[in-house]
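Comments concern the structure below.
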Amino acid sequence: MTDDNARHATKMAKKKAARDKIMATKTDEKGLIIVHTGKGKGKSSAAFNMIFRHIAHKRQSAVVQFIKGGMSTGERDLILEHFSDLCAFHTMGEGFTWETQDKSRDTEMAQAAWAKAKELILDEANHMVLLDEINIAMRYDYVDVSEVVDFLVNEKPPMTHVVLTGRNAKEDLIEVADLVTEMELIKHPFRSGIKAQIGVEF
């Protein structure tokens with residue numbers, strides 16, 4: 001073994017020992033409140049990946065889409081066609097807010113989506129529930145953030161994971177969340193005149 005390789009091996013052995021010591025203290029499990037927010041792409045994509053992980057482990061999950069309407073998406077089509085026994089999928093919105101242009105109707109639909117979300121979260125058969133774009137519904141006050149926070153803190157079953165996606169997550173939600181990721185926008189093809197494309201955006 002060369003001197004360089006020996007130094008590297010010694011350094012990595014020390015890192016492993018330190019890491020193992022840290023990992024030995026991580027013994028608890030709990031149902032997490034997970035928030036994906038920010039202006040960058042990937043909030044729903046990352047959330048759906050966790051849903052697919054649950055499906056792969058044969059664990060029951062559910063999805064409620066708050067804003068997206070009935071348009072076909074890869075995730076929804078795949079789940080409905082092949083995994084509906086493992087993942088209940090509810091598209092409750094009627095499209096993006098700038099498309100619908102009807103606040104009272106958007107509020108009505110968001111309230112219905114929130115009612116369905118609570119029902120699914122309270123069903124302890126569901127190990128994870130994804131509330132896709134609920135942050136948008138709370139941003140426009142279609143759903144009261146204080147009600148969502150109170151429910152998650154006081155009524156969510158202790159081992160159920162809940163994932164909440166969408167830009168502009170409210171501070172009250174961020175405060176009670178266990179895991180918060182902000183997707184930062186650095187570059188996006190839309191700004192160069194490239195439209196949303198199949199397999200990338202939907």
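In the structure tokens, chains take letters A, B, ... by order of appearance, with residues numbered from 1 within each chain and ligands from 1 in the order shown.
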**In range 38-124 of chain A, DSSP strand (DSSP E or B) residues written as a ChimeraX atom specification** = /A:61-65,87-91
**Message:** Neighbouring residues of range 120-126 of chain A were defined as those with any atom within 8 Å, considering only C-alpha atoms; residues of the same chain fewer than 6 positions away were excluded. Please report them as an NGL selection string.
**Reply:** :A and (59-62 or 155-157 or 160 or 162)
**Prompt:** With distances taken over only C-alpha atoms, which of A:Met12, A:Cys87, A:Ala169, A:Leu130 is nearest to Ala46 in chain A?
**Reply:** A:Leu130
**Request:** Please provide the set of residues having any atom within 12 Å of Val149 in chain A, restricted to only C-alpha atoms, with same-chain residues fewer than 6 positions apart removed, written as number ranges by chain.
**Result:** A: 33, 118, 135, 138, 143, 155-156, 162, 164, 169-177
**Prompt:** Hey, can you check how far CA of Met109 in chain A sits from CA of Phe66 in chain A?
**Reply:** 7.8 Å
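Put simply, CA of Gln111 in chain A is 11.2 Å away from CA of Val148 in chain A.
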**Message:** DSSP on the backbone: which residues in chain A end up as helix (DSSP H, G or I)? Give the answer as a ChimeraX atom specification.
**Reply:** /A:3-23,43-56,74-82,97-100,103-122,134-139,145-154,171-176,189-192
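When only C-alpha atoms are used to compute distances to Ala117 in chain A, the closest of the residues A:Val145, A:Met183, A:Leu152, A:Val64 turns out to be A:Val64.
Using only C-alpha atoms, the nearest neighbour of Ala47 in chain A within the list A:Val35, A:Ile79, A:Ile22, A:Ile198 is A:Val35.
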